[in-house]
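Let me begin by presenting the structure, written as structure tokens, before commenting on it.
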Amino acid sequence: MNAERALLEVEELRVRIGAGAGAVRPVDGVSFRIRRGETFALLGESGCGKSMTALALLRLLPQPGGDIVGGSVKLDGDELLARTERGMRAVRGGRIAMIFQEPMTSLNPVMTIGAQIAESLEQHRGLRGNAARRRVLELLEDVGIPDAARRYGEYPHQLSGGMKQRVMIAIALAGEPDLLIADEPTTALDVTIQAQVLDLIRSLQHKHGMAVLLITHDLGVVSEMADRVAVMYAGELVEQAPRSVFFGRSQHPYSRKLFAALPDSSKREQRLTVIPGTVPPLNREFRGCRFAERCDRAWELCRERRPAWFATGPEQGVRCHLADPALEPSAEVPPAEGEQRRRAPAGAPAPLLEVEDLKVHFPIHRGLFKRVVGHVRAVDGVSLSIPQGQTLALVGESGCGKTTVGKGILQLLRPTGGQVRFEGEELTRLRGEALRRRRSDFQIIFQDPFSSMNPRMNVGDIIEEGMVAQRIGGRAAERRRRVEELLQQVGLRPEQRQRYPHEFSGGQRQRICIARALAVNPKLIVCDEPTSALDVSVQAQILNLLQDLQADMGLSYLFITHDLSVVSYLAERVAVMYLGRIVEAGSVNEVLDTPAHPYTRALLSAVPVISDDGERQVIRLEGDLPSPSNPPSGCHFHPRCPQAGDLCRKSYPQRTWLSAGHEVRCHLFDNRAEH
């Protein structure tokens with residue numbers, strides 16, 4: 001640290017939850033400092049103690065049982081651990097504010113947006129009545145919420161995810177904090193909304209001079225936002241460095257593994273590097289290095305002695321025996337190269353799924369007699385095809401209709417119009433028993449694995465349920481053997497079939513959902529955001545698993561996502577969707593390397609890029625996705641398009657072929673449109 005005194009100084013902070021031998025130690029000797037106006041990123045996997053560190057700073061530990069048992073937390077020289085509970089109330093939301101990970105669960109559903117922000121103003125600034133209202137409107141405008149006067153009286157459920165996150169930022173800013181803690185502020189947001197939120201935090205930070213503690217597992221966000229980075233693992237910091245140093249030459253084996261696990265187009269021909277195992281349970285005493293069990297560079301000393309903290313440069317250090325100049329590792333392991341990716345046998349793939357002009361409209365009922373007064377055009381004329389053994393990625397912002405397309409294809413929602421041909425058979429005409437027999441050929445993996453499983457059923461019964469419903473798999477003993485085979489196939493142990501969903505991690509639950517989908521021997525799997533909330537290392541395991549299954553079984557995937565780095569790694573083709581329609585489609589290389597539609601270009605520009613300078617040029621999209629119940633006239637994208645002209649406002653563009661497999665719907669290419 002330089003001579004400038006830090007705003008926040010944390011020294012040897014220790015947290016214990018529970019008592020006795022089973023006590024959990026999620027924060028175990030953590031030290032760091034944050035200067036005024038600086039963004040300090042705390043990076044690591046789920047379960048490593050990041051959020052618990054933030055809660056400890058505010059003394060908001062879970063009760064009963066959560067205690068700070070050691071260390072110091074000073075804010076501008078003021079020891080927060082010595083304050084009374086009453087004294088901490090002036091700090092929370094005032095000098096230190098926090099944006100929690102899930103805005104919907106943090107906002108009060110029965111209070112208006114304006115009332116929730118005004119509550120913070122009254123508590124920390126003493127503002128009431130008209131003065132509070134004026135300040136609330138200023139804050140809503142500061143965080144980029146249009147028509148602030150109208151939004152003032154709305155409730156959380158009336159706002160989009162990005163809007164809710166902006167409201168959380170407004171509540172945090174109401175107390176004019178010196179330090180803003182942002183706990184995974186963009187985890188479940190689309191790349192365009194994520195870019196807006198990050199830009200907003202950055203601009204407000206410069207305007208108010210506040211420091212930011214950014215908690216995340218997203219290396220791209222860290223690269224863009226952070227001044228300095230600390231990596232946390234199993235309750236302690238294992239590396240700390242300025243951003244440029246960390247992204248240029250990270251030192252700890254764990255940090256390097258995180259970089260190697262990231263998917264991108266340069267790794268398309270190899271399997272992603274995975275970190276075996278999971279973060280160890282924090283209710284045990286550690287003798288050696290906490291990462292040793294998962295480290296391919298560990299030797300005997302790593303398992304016997306806890307490594308010290310070694311300063312390796314200005315504001316830079318690492319907790320690893322490899323950095324100890326007095327020691328030499330017994331065996332230096334070279335960085336592992338990714339294994340070759342296995343693919344299905346080459347050849348002309350036969351078309352498995354063909355969708356033409358698919359429409360899914362939901363009627364809007366009003367009045368006493370529930371008359372139909374309009375329709376929500378969730379899917380409004382989608383055409384696509386998926387060959388056998390290949391992956392088509394469907395990308396776009398939340399609310400554009402991606403998931404509805406998947407459910408319409410699987411006949412979980414009955415299409416309003418269009419055709420869905422599976423192996424040449426028209427699915428929209430099937431009813432009853434005929435459709436039920438077909439259902440074993442196509443399955444879905446939902447975005448949230450926990451909510452898609454019955455918590456009262458054990459894992460074996462959950463996987464077996466589809467076989468029972470489809471009357472396949474033979475007798476009970478044969479089905480049980482099949483369940484155990486499936487568990488092994490997705491990287492779980494057969495004996496885990498007796499456990500319940502809550503006993504598994506997020507990545508393990510996603511594997512269970514994959515096993516459930518495979519149980520009925522499908523040919524097509526719709527993967528609905530299967531990796532959106534997973535850590536980098538767990539995401540790599542799931543992507544490798546999906547690839548292996550595709551190579552071994554010839555599976556086809558419709559991969560619904562907003563993560564374009566996953567698309568560039570996994571898919572052969574990609575379709576970009578906006579407000580119920582596909583605006584661009586083609587091979588991954590064509591669409592991602594030479595995007596044609598302004599919306600595609602904006603999506604790609606908004607993806608955080610990992611670099612040591614964190615610089616990128618983002619195409620800003622104004623406003624949010626329009627309502628599918630009242631789409632704009634002409635091209636649906638024109639209200640947000642920086643290149644829109646008069647024709648865009650009047651008519652929807654025809655399809656233009658830029659190559660044999662690359663299509664776009666945009667008036668910028670009208671001179672090449674088909675007629």
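Please note that chains go A, B, ... in the order of the structure tokens, that every chain numbers its residues from 1, and that ligands are numbered from 1 in the order shown.
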
So that each row is one residue of stretch 513-567 of chain A with an atom at most 10 Å from stretch 466-473 of chain A, can you give its shortest atom pair and the distance in Å to one decimal, using only C-alpha atoms, rows by chain and rising number, as CSV?
```
residue,atom,partner,partner_atom,distance
A:Arg516,CA,A:Gly466,CA,7.2
A:Ala517,CA,A:Gly466,CA,8.1
A:Leu518,CA,A:Gly466,CA,9.5
A:Ala519,CA,A:Met467,CA,6.5
A:Val520,CA,A:Met467,CA,5.8
A:Asn521,CA,A:Met467,CA,9.4
```

Non-local contacts of stretch 289-303 of chain A (12 Å; only C-alpha atoms; under 2 positions in same chain excluded) as a PyMOL selection string: chain A and resi 28+48+232-238+252-258+273-282+284-287+305-309+319-322+324+327-336+537

Preceding selection exported with C-alpha atoms as an mmCIF file, in the first residue's frame:
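Below you can see part.cif, which holds the result:
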```cif
data_model
loop_
_atom_site.group_PDB
_atom_site.id
_atom_site.type_symbol
_atom_site.label_atom_id
_atom_site.label_comp_id
_atom_site.auth_asym_id
_atom_site.auth_seq_id
_atom_site.Cartn_x
_atom_site.Cartn_y
_atom_site.Cartn_z
ATOM 1 C CA ASP A 28 -10.203 -17.243 8.258
ATOM 2 C CA CYS A 48 -15.088 -19.660 -0.772
ATOM 3 C CA MET A 232 -10.206 -15.953 -2.305
ATOM 4 C CA TYR A 233 -10.199 -19.690 -1.750
ATOM 5 C CA ALA A 234 -11.637 -21.683 1.184
ATOM 6 C CA GLY A 235 -11.846 -18.729 3.550
ATOM 7 C CA GLU A 236 -8.510 -17.049 2.883
ATOM 8 C CA LEU A 237 -6.859 -14.857 0.243
ATOM 9 C CA VAL A 238 -4.406 -16.759 -1.971
ATOM 10 C CA HIS A 252 -1.171 -18.848 -7.835
ATOM 11 C CA PRO A 253 -2.042 -22.217 -9.462
ATOM 12 C CA TYR A 254 -5.713 -21.620 -8.587
ATOM 13 C CA SER A 255 -5.785 -18.291 -10.459
ATOM 14 C CA ARG A 256 -4.153 -19.874 -13.498
ATOM 15 C CA LYS A 257 -6.669 -22.720 -13.457
ATOM 16 C CA LEU A 258 -9.539 -20.217 -13.494
ATOM 17 C CA THR A 273 -9.317 -27.327 -18.335
ATOM 18 C CA VAL A 274 -11.225 -28.238 -15.175
ATOM 19 C CA ILE A 275 -10.328 -27.924 -11.521
ATOM 20 C CA PRO A 276 -11.052 -31.370 -10.074
ATOM 21 C CA GLY A 277 -13.111 -31.616 -6.919
ATOM 22 C CA THR A 278 -14.791 -28.752 -5.058
ATOM 23 C CA VAL A 279 -13.976 -26.108 -2.465
ATOM 24 C CA PRO A 280 -13.299 -28.104 0.748
ATOM 25 C CA PRO A 281 -15.795 -27.851 3.619
ATOM 26 C CA LEU A 282 -14.890 -24.992 5.951
ATOM 27 C CA ARG A 284 -12.501 -28.629 9.389
ATOM 28 C CA GLU A 285 -9.007 -27.745 10.544
ATOM 29 C CA PHE A 286 -6.521 -27.285 7.692
ATOM 30 C CA ARG A 287 -2.987 -28.477 8.105
ATOM 31 C CA ARG A 305 2.509 -27.024 6.069
ATOM 32 C CA ARG A 306 0.265 -23.997 5.508
ATOM 33 C CA PRO A 307 2.002 -21.634 3.074
ATOM 34 C CA ALA A 308 2.875 -18.151 4.298
ATOM 35 C CA TRP A 309 1.977 -14.924 2.478
ATOM 36 C CA ARG A 319 -0.017 -17.589 -0.551
ATOM 37 C CA CYS A 320 1.857 -20.512 -2.142
ATOM 38 C CA HIS A 321 4.995 -22.538 -1.422
ATOM 39 C CA LEU A 322 6.018 -22.055 -5.050
ATOM 40 C CA ASP A 324 8.954 -19.167 -1.281
ATOM 41 C CA LEU A 327 12.158 -23.692 -1.016
ATOM 42 C CA GLU A 328 12.334 -25.672 -4.198
ATOM 43 C CA PRO A 329 9.408 -27.882 -5.209
ATOM 44 C CA SER A 330 10.273 -31.571 -5.392
ATOM 45 C CA ALA A 331 8.633 -31.885 -8.795
ATOM 46 C CA GLU A 332 7.756 -29.015 -11.106
ATOM 47 C CA VAL A 333 4.665 -29.849 -13.151
ATOM 48 C CA PRO A 334 4.442 -28.064 -16.515
ATOM 49 C CA PRO A 335 1.141 -26.335 -17.331
ATOM 50 C CA ALA A 336 -1.262 -28.931 -18.674
ATOM 51 C CA SER A 537 -14.639 -24.157 -13.028
#
```

Secondary structure check, strand (DSSP E) residues of stretch 127-284 of chain A, as a list of chain:residue names: A:Leu179, A:Leu180, A:Ile181, A:Ala182, A:Asp183, A:Ala211, A:Val212, A:Leu213, A:Leu214, A:Ile215, A:Thr216, A:Arg228, A:Val229, A:Ala230, A:Val231, A:Met232, A:Tyr233, A:Glu236, A:Leu237, A:Val238, A:Glu239, A:Gln240, A:Ala241, A:Pro242

Surrounding residues of A:Leu555 excluding itself and chain neighbours under 5 positions, 12 Å, only C-alpha atoms, as a ChimeraX atom specification: /A:343-345,349,352-353,386-392,441-443,517-518,521-527,546-550

Distance criterion (only C-alpha atoms): nearest to A:Leu180 out of A:Arg377, A:Lys74, A:Arg36, A:Arg511: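 Going through A:Arg377, A:Lys74, A:Arg36, A:Arg511 one by one, the smallest distance to A:Leu180 is for A:Arg36.
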
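Between A:Glu119 and the candidates A:Val538, A:Ala149, A:Ala195, A:Ala172, the tightest atom-to-atom separation, counting only C-alpha atoms, involves A:Ala172.
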
Atom CA of A:Ser587 to atom CA of A:Pro263, straight-line distance in Å: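 According to the coordinates, atom CA of A:Pro263 and atom CA of A:Ser587 are separated by 17.6 Å.
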